[in-house]
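Containing PDB, C-alpha atoms: target09.pdb.
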ATOM      1  CA  MET A   5      27.783 -50.183 -96.190
ATOM      2  CA  PRO A   6      30.785 -52.158 -95.014
ATOM      3  CA  THR A   7      32.823 -54.468 -97.202
ATOM      4  CA  HIS A   8      33.750 -57.847 -95.730
ATOM      5  CA  TYR A   9      37.190 -59.393 -96.268
ATOM      6  CA  LYS A  10      37.654 -62.697 -94.476
ATOM      7  CA  ARG A  11      36.914 -61.860 -90.825
ATOM      8  CA  PHE A  12      37.671 -58.143 -91.050
ATOM      9  CA  THR A  13      35.240 -55.416 -92.021
ATOM     10  CA  THR A  14      36.082 -52.075 -93.577
ATOM     11  CA  ASN A  15      33.612 -49.242 -93.705
ATOM     12  CA  PRO A  16      34.390 -46.265 -95.935
ATOM     13  CA  ASP A  17      31.810 -44.134 -94.070
ATOM     14  CA  LEU A  18      33.345 -44.716 -90.623
ATOM     15  CA  ASP A  19      34.574 -41.430 -89.180
ATOM     16  CA  ILE A  20      37.701 -42.708 -87.397
ATOM     17  CA  ASN A  21      38.437 -39.176 -86.184
ATOM     18  CA  PHE A  22      34.975 -38.689 -84.673
ATOM     19  CA  PHE A  23      36.385 -38.377 -81.142
ATOM     20  CA  ALA A  24      39.655 -36.609 -82.079
ATOM     21  CA  THR A  25      38.024 -33.300 -81.132
ATOM     22  CA  ILE A  26      34.786 -32.777 -79.262
ATOM     23  CA  ASP A  27      33.661 -29.718 -81.188
ATOM     24  CA  SER A  28      29.869 -30.011 -81.193
ATOM     25  CA  GLU A  29      27.000 -30.605 -78.795
ATOM     26  CA  ASN A  30      26.211 -33.833 -80.652
ATOM     27  CA  LYS A  31      29.711 -35.239 -80.047
ATOM     28  CA  ALA A  32      29.585 -34.140 -76.397
ATOM     29  CA  TYR A  33      26.217 -35.874 -75.975
ATOM     30  CA  ILE A  34      27.540 -39.096 -77.537
ATOM     31  CA  LEU A  35      30.656 -38.971 -75.377
ATOM     32  CA  GLY A  36      28.442 -38.532 -72.305
ATOM     33  CA  MET A  37      26.365 -41.551 -73.311
ATOM     34  CA  LEU A  38      29.552 -43.598 -73.644
ATOM     35  CA  TYR A  39      30.798 -42.398 -70.242
ATOM     36  CA  ALA A  40      27.487 -43.494 -68.700
ATOM     37  CA  ASP A  41      26.636 -46.693 -70.555
ATOM     38  CA  GLY A  42      29.450 -47.553 -72.969
ATOM     39  CA  SER A  43      32.380 -49.897 -72.676
ATOM     40  CA  LEU A  44      35.715 -50.144 -74.467
ATOM     41  CA  CYS A  45      37.641 -53.416 -74.625
ATOM     42  CA  PRO A  46      41.070 -53.921 -76.191
ATOM     43  CA  TYR A  47      41.750 -56.676 -78.716
ATOM     44  CA  ILE A  48      45.084 -58.283 -77.902
ATOM     45  CA  ASN A  49      46.905 -59.942 -80.817
ATOM     46  CA  LYS A  50      49.018 -63.100 -80.577
ATOM     47  CA  TYR A  51      52.099 -60.979 -79.815
ATOM     48  CA  GLY A  52      50.473 -59.438 -76.768
ATOM     49  CA  ASN A  53      49.934 -56.015 -78.387
ATOM     50  CA  ILE A  54      46.677 -54.106 -78.646
ATOM     51  CA  SER A  55      45.605 -54.406 -82.265
ATOM     52  CA  SER A  56      42.214 -52.696 -81.980
ATOM     53  CA  TYR A  57      39.434 -51.732 -79.579
ATOM     54  CA  LYS A  58      35.780 -52.718 -79.429
ATOM     55  CA  LEU A  59      33.408 -49.938 -78.430
ATOM     56  CA  ARG A  60      30.035 -51.158 -77.213
ATOM     57  CA  LEU A  61      26.893 -49.290 -76.244
ATOM     58  CA  ARG A  62      23.960 -51.272 -74.906
ATOM     59  CA  LEU A  63      20.682 -49.640 -73.885
ATOM     60  CA  ALA A  64      17.148 -50.884 -73.269
ATOM     61  CA  GLN A  65      15.080 -51.251 -76.426
ATOM     62  CA  THR A  66      12.969 -48.300 -75.256
ATOM     63  CA  ASP A  67      16.088 -46.174 -76.015
ATOM     64  CA  GLU A  68      16.748 -47.878 -79.353
ATOM     65  CA  GLN A  69      16.507 -44.676 -81.416
ATOM     66  CA  ILE A  70      19.287 -43.047 -79.382
ATOM     67  CA  VAL A  71      21.594 -45.980 -80.123
ATOM     68  CA  ARG A  72      20.617 -45.915 -83.825
ATOM     69  CA  ASP A  73      21.341 -42.169 -84.063
ATOM     70  CA  ILE A  74      24.771 -42.693 -82.466
ATOM     71  CA  SER A  75      25.494 -45.507 -84.922
ATOM     72  CA  VAL A  76      24.664 -43.291 -87.895
ATOM     73  CA  ALA A  77      26.729 -40.402 -86.502
ATOM     74  CA  ILE A  78      29.892 -42.512 -86.114
ATOM     75  CA  LEU A  79      29.530 -45.269 -88.711
ATOM     76  CA  GLY A  80      27.472 -43.519 -91.352
ATOM     77  CA  TYR A  81      24.795 -46.237 -91.210
ATOM     78  CA  ASP A  82      22.567 -48.064 -88.729
ATOM     79  CA  ASN A  83      24.427 -51.059 -87.266
ATOM     80  CA  VAL A  84      22.267 -51.666 -84.192
ATOM     81  CA  LYS A  85      21.205 -55.195 -83.302
ATOM     82  CA  ILE A  86      18.340 -55.963 -80.949
ATOM     83  CA  THR A  87      19.184 -58.834 -78.612
ATOM     84  CA  GLN A  88      17.075 -60.633 -76.053
ATOM     85  CA  ARG A  89      18.706 -61.764 -72.843
ATOM     86  CA  PRO A  90      18.000 -65.343 -71.866
ATOM     87  CA  GLU A  91      16.394 -64.204 -68.607
ATOM     88  CA  LYS A  92      12.713 -63.635 -69.394
ATOM     89  CA  LYS A  93      12.442 -60.746 -66.906
ATOM     90  CA  TRP A  94      14.859 -58.545 -68.891
ATOM     91  CA  GLN A  95      13.646 -56.488 -71.809
ATOM     92  CA  PRO A  96      15.396 -56.593 -75.211
ATOM     93  CA  ILE A  97      18.621 -54.596 -75.615
ATOM     94  CA  ALA A  98      19.674 -52.233 -78.442
ATOM     95  CA  ASN A  99      23.325 -53.162 -79.005
ATOM     96  CA  LEU A 100      25.941 -51.209 -81.005
ATOM     97  CA  GLN A 101      29.511 -52.452 -81.458
ATOM     98  CA  ILE A 102      32.280 -50.614 -83.309
ATOM     99  CA  GLY A 103      35.780 -51.981 -83.712
ATOM    100  CA  ASN A 104      38.513 -49.455 -84.484
ATOM    101  CA  LYS A 105      41.909 -48.706 -82.964
ATOM    102  CA  THR A 106      41.905 -44.942 -83.628
ATOM    103  CA  ILE A 107      38.462 -44.452 -82.104
ATOM    104  CA  GLY A 108      39.540 -46.476 -79.068
ATOM    105  CA  GLU A 109      42.748 -44.474 -78.616
ATOM    106  CA  ASP A 110      40.861 -41.168 -78.890
ATOM    107  CA  LEU A 111      38.292 -42.313 -76.314
ATOM    108  CA  ILE A 112      41.089 -43.315 -73.937
ATOM    109  CA  LYS A 113      42.601 -39.805 -74.266
ATOM    110  CA  LEU A 114      39.184 -38.470 -73.233
ATOM    111  CA  GLY A 115      39.102 -40.741 -70.188
ATOM    112  CA  CYS A 116      36.523 -43.091 -71.692
ATOM    113  CA  GLY A 117      38.657 -46.216 -71.876
ATOM    114  CA  PRO A 118      38.600 -49.522 -70.048
ATOM    115  CA  ASN A 119      37.830 -49.004 -66.340
ATOM    116  CA  LYS A 120      36.735 -45.450 -67.155
ATOM    117  CA  THR A 121      35.046 -44.553 -63.873
ATOM    118  CA  ALA A 122      38.229 -43.116 -62.335
ATOM    119  CA  ASN A 123      39.419 -41.458 -65.573
ATOM    120  CA  ILE A 124      36.548 -39.274 -66.795
ATOM    121  CA  VAL A 125      37.770 -36.059 -68.448
ATOM    122  CA  THR A 126      35.800 -32.864 -67.772
ATOM    123  CA  GLY A 127      34.721 -30.216 -70.282
ATOM    124  CA  LYS A 128      37.569 -27.875 -69.323
ATOM    125  CA  GLN A 129      40.094 -30.646 -69.931
ATOM    126  CA  ILE A 130      38.840 -31.233 -73.489
ATOM    127  CA  GLY A 131      38.943 -27.549 -74.384
ATOM    128  CA  ARG A 132      35.377 -26.516 -73.595
ATOM    129  CA  ALA A 133      34.471 -24.397 -70.600
TER     130      ALA A 133
END
Is it possible to give me this structure as structure tokens?
Amino acid sequence: MPTHYKRFTTNPDLDINFFATIDSENKAYILGMLYADGSLCPYINKYGNISSYKLRLRLAQTDEQIVRDISVAILGYDNVKITQRPEKKWQPIANLQIGNKTIGEDLIKLGCGPNKTANIVTGKQIGRA
């Protein structure tokens, strides 16, 4: 489980190199889920530099187990929160957020960064045919 220091969290089980190489079907599946439904936002520090990235995956609660499995694969534990939108017509959302600069940089190299629609990297480009 993570250790909290002030407002920062460290997690010894976090695999910061999870997206350094896409060398398994599981990683390819997770990357595909992030291409489809994930988002990556930079954290800008007071000097105007990117200090970290926030990866977020939000799916309907009916797909909660998928989000939980992805959380365990990357973080080493289940960090999914179920949130209810204020609009009554929307169903609850399974929400995963991961903050890490290395993970963000690796996702950007794979075309899964901010505004990713125009930058998706294909299987041949990541070394898989």
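Residue nearest Val71 of chain A within the list A:Val84, A:Glu109, A:Pro46, A:Asn15: A:Val84 [criterion: smallest interatomic distance, all atoms listed in the file].
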Requested in this report: Would you please work out which residue, of A:Ala40, A:Ile97, A:Leu111, A:Val76, is nearest to Leu18 of chain A when using only C-alpha atoms?
Outcome: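 Smallest separation from Leu18 of chain A among the options: A:Val76.
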Requested in this report: Enter the distance from atom CA of Gln65 of chain A to atom CA of Leu44 of chain A, in Å, rounded to one decimal.
Outcome: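 Taking atom CA of Gln65 of chain A as the start and atom CA of Leu44 of chain A as the end point, the length is 20.8 Å.
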Requested in this report: Could you please determine the separation between atom CA of Asp17 of chain A and atom CA of Gly42 of chain A in Å, to one decimal place?
Outcome: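 Calculated distance between atom CA of Asp17 of chain A and atom CA of Gly42 of chain A is 21.5 Å.
Reported to one decimal place, the separation of atom CA of Asn119 of chain A from atom CA of Ile48 of chain A is 16.5 Å.
For the set A:Tyr81, A:Phe22, A:Tyr57, A:Trp94, the residue with the smallest atom-to-atom gap to Ile34 of chain A is A:Phe22, counting all atoms listed in the file.
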At a cut-off of 8 Å, using all atoms listed in the file, what residues contact segment 102-106 of chain A? Leave out same-chain residues fewer than 6 positions from it and give the result as a PDB file with C-alpha atoms, in the frame of the given file.
ATOM      1  CA  ILE A  20      37.701 -42.708 -87.397  1.00  0.00           C
ATOM      2  CA  ASN A  21      38.437 -39.176 -86.184  1.00  0.00           C
ATOM      3  CA  SER A  55      45.605 -54.406 -82.265  1.00  0.00           C
ATOM      4  CA  SER A  56      42.214 -52.696 -81.980  1.00  0.00           C
ATOM      5  CA  TYR A  57      39.434 -51.732 -79.579  1.00  0.00           C
ATOM      6  CA  LYS A  58      35.780 -52.718 -79.429  1.00  0.00           C
ATOM      7  CA  LEU A  59      33.408 -49.938 -78.430  1.00  0.00           C
ATOM      8  CA  ARG A  60      30.035 -51.158 -77.213  1.00  0.00           C
TER       9      ARG A  60
END
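Candidate residues A:Arg72, A:Leu63, A:Pro16, A:Gly52 were compared for distance to Thr87 of chain A, and the nearest is A:Leu63, using all atoms listed in the file.
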Requested in this report: Between A:Ser75, A:Gln88, A:Ser43, A:Gln101, single out the one closest to Gly117 of chain A, counting all atoms listed in the file.
Outcome: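 Among the listed residues, the smallest separation from Gly117 of chain A belongs to A:Ser43.
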Query raised in the report: Given the choices A:Asp27, A:Asn83, A:Gly115, A:Asp67, which gets closest to Pro96 of chain A if the distance is worked out from only C-alpha atoms?
Result: A:Asp67
Quick one: segment 37-60 of chain A from the block, N, CA, C and O atoms, as an mmCIF file, in the first residue's frame.
data_model
loop_
_atom_site.group_PDB
_atom_site.id
_atom_site.type_symbol
_atom_site.label_atom_id
_atom_site.label_comp_id
_atom_site.auth_asym_id
_atom_site.auth_seq_id
_atom_site.Cartn_x
_atom_site.Cartn_y
_atom_site.Cartn_z
ATOM 1 N N MET A 37 -7.049 0.083 -23.948
ATOM 2 C CA MET A 37 -8.088 0.684 -23.110
ATOM 3 C C MET A 37 -7.793 2.160 -22.854
ATOM 4 O O MET A 37 -8.701 2.996 -22.871
ATOM 5 N N LEU A 38 -6.523 2.481 -22.646
ATOM 6 C CA LEU A 38 -6.152 3.880 -22.404
ATOM 7 C C LEU A 38 -6.307 4.720 -23.673
ATOM 8 O O LEU A 38 -6.715 5.881 -23.599
ATOM 9 N N TYR A 39 -5.969 4.143 -24.830
ATOM 10 C CA TYR A 39 -6.210 4.850 -26.095
ATOM 11 C C TYR A 39 -7.700 5.183 -26.226
ATOM 12 O O TYR A 39 -8.069 6.276 -26.625
ATOM 13 N N ALA A 40 -8.559 4.224 -25.904
ATOM 14 C CA ALA A 40 -9.995 4.385 -26.104
ATOM 15 C C ALA A 40 -10.649 5.271 -25.043
ATOM 16 O O ALA A 40 -11.441 6.149 -25.376
ATOM 17 N N ASP A 41 -10.326 5.040 -23.786
ATOM 18 C CA ASP A 41 -11.079 5.685 -22.707
ATOM 19 C C ASP A 41 -10.221 6.382 -21.655
ATOM 20 O O ASP A 41 -10.759 6.872 -20.664
ATOM 21 N N GLY A 42 -8.917 6.419 -21.831
ATOM 22 C CA GLY A 42 -8.055 7.049 -20.841
ATOM 23 C C GLY A 42 -7.757 8.494 -21.175
ATOM 24 O O GLY A 42 -8.041 8.979 -22.274
ATOM 25 N N SER A 43 -7.193 9.180 -20.205
ATOM 26 C CA SER A 43 -6.720 10.545 -20.440
ATOM 27 C C SER A 43 -5.432 10.753 -19.656
ATOM 28 O O SER A 43 -5.195 10.104 -18.634
ATOM 29 N N LEU A 44 -4.591 11.634 -20.163
ATOM 30 C CA LEU A 44 -3.319 11.952 -19.518
ATOM 31 C C LEU A 44 -3.201 13.467 -19.448
ATOM 32 O O LEU A 44 -3.282 14.146 -20.483
ATOM 33 N N CYS A 45 -3.035 13.987 -18.250
ATOM 34 C CA CYS A 45 -2.949 15.436 -18.048
ATOM 35 C C CYS A 45 -1.618 15.762 -17.364
ATOM 36 O O CYS A 45 -1.251 15.109 -16.391
ATOM 37 N N PRO A 46 -0.924 16.772 -17.847
ATOM 38 C CA PRO A 46 0.328 17.168 -17.195
ATOM 39 C C PRO A 46 0.055 18.014 -15.950
ATOM 40 O O PRO A 46 -0.926 18.748 -15.885
ATOM 41 N N TYR A 47 0.924 17.841 -14.949
ATOM 42 C CA TYR A 47 0.952 18.745 -13.796
ATOM 43 C C TYR A 47 2.039 19.766 -14.072
ATOM 44 O O TYR A 47 3.192 19.401 -14.298
ATOM 45 N N ILE A 48 1.698 21.022 -14.051
ATOM 46 C CA ILE A 48 2.662 22.089 -14.296
ATOM 47 C C ILE A 48 3.054 22.699 -12.946
ATOM 48 O O ILE A 48 2.188 23.121 -12.176
ATOM 49 N N ASN A 49 4.367 22.751 -12.662
ATOM 50 C CA ASN A 49 4.803 23.333 -11.392
ATOM 51 C C ASN A 49 4.844 24.854 -11.481
ATOM 52 O O ASN A 49 4.569 25.442 -12.529
ATOM 53 N N LYS A 50 5.214 25.502 -10.389
ATOM 54 C CA LYS A 50 5.189 26.973 -10.347
ATOM 55 C C LYS A 50 6.205 27.619 -11.268
ATOM 56 O O LYS A 50 6.136 28.807 -11.547
ATOM 57 N N TYR A 51 7.150 26.828 -11.790
ATOM 58 C CA TYR A 51 8.149 27.342 -12.730
ATOM 59 C C TYR A 51 7.734 27.137 -14.183
ATOM 60 O O TYR A 51 8.477 27.467 -15.099
ATOM 61 N N GLY A 52 6.565 26.564 -14.376
ATOM 62 C CA GLY A 52 6.061 26.341 -15.721
ATOM 63 C C GLY A 52 6.536 25.048 -16.364
ATOM 64 O O GLY A 52 6.328 24.832 -17.553
ATOM 65 N N ASN A 53 7.164 24.170 -15.580
ATOM 66 C CA ASN A 53 7.665 22.889 -16.094
ATOM 67 C C ASN A 53 6.693 21.766 -15.737
ATOM 68 O O ASN A 53 5.994 21.837 -14.725
ATOM 69 N N ILE A 54 6.701 20.727 -16.543
ATOM 70 C CA ILE A 54 5.884 19.552 -16.225
ATOM 71 C C ILE A 54 6.593 18.772 -15.132
ATOM 72 O O ILE A 54 7.716 18.305 -15.310
ATOM 73 N N SER A 55 5.927 18.638 -13.982
ATOM 74 C CA SER A 55 6.526 17.921 -12.869
ATOM 75 C C SER A 55 6.034 16.480 -12.776
ATOM 76 O O SER A 55 6.698 15.633 -12.193
ATOM 77 N N SER A 56 4.872 16.195 -13.349
ATOM 78 C CA SER A 56 4.317 14.851 -13.316
ATOM 79 C C SER A 56 3.157 14.784 -14.314
ATOM 80 O O SER A 56 2.836 15.772 -14.970
ATOM 81 N N TYR A 57 2.551 13.617 -14.402
ATOM 82 C CA TYR A 57 1.366 13.423 -15.233
ATOM 83 C C TYR A 57 0.326 12.674 -14.417
ATOM 84 O O TYR A 57 0.664 11.850 -13.566
ATOM 85 N N LYS A 58 -0.936 12.951 -14.701
ATOM 86 C CA LYS A 58 -2.029 12.200 -14.084
ATOM 87 C C LYS A 58 -2.703 11.374 -15.164
ATOM 88 O O LYS A 58 -3.251 11.908 -16.130
ATOM 89 N N LEU A 59 -2.646 10.070 -15.011
ATOM 90 C CA LEU A 59 -3.326 9.134 -15.895
ATOM 91 C C LEU A 59 -4.683 8.824 -15.269
ATOM 92 O O LEU A 59 -4.765 8.533 -14.077
ATOM 93 N N ARG A 60 -5.728 8.918 -16.079
ATOM 94 C CA ARG A 60 -7.062 8.615 -15.558
ATOM 95 C C ARG A 60 -7.795 7.698 -16.524
ATOM 96 O O ARG A 60 -7.758 7.900 -17.740
#
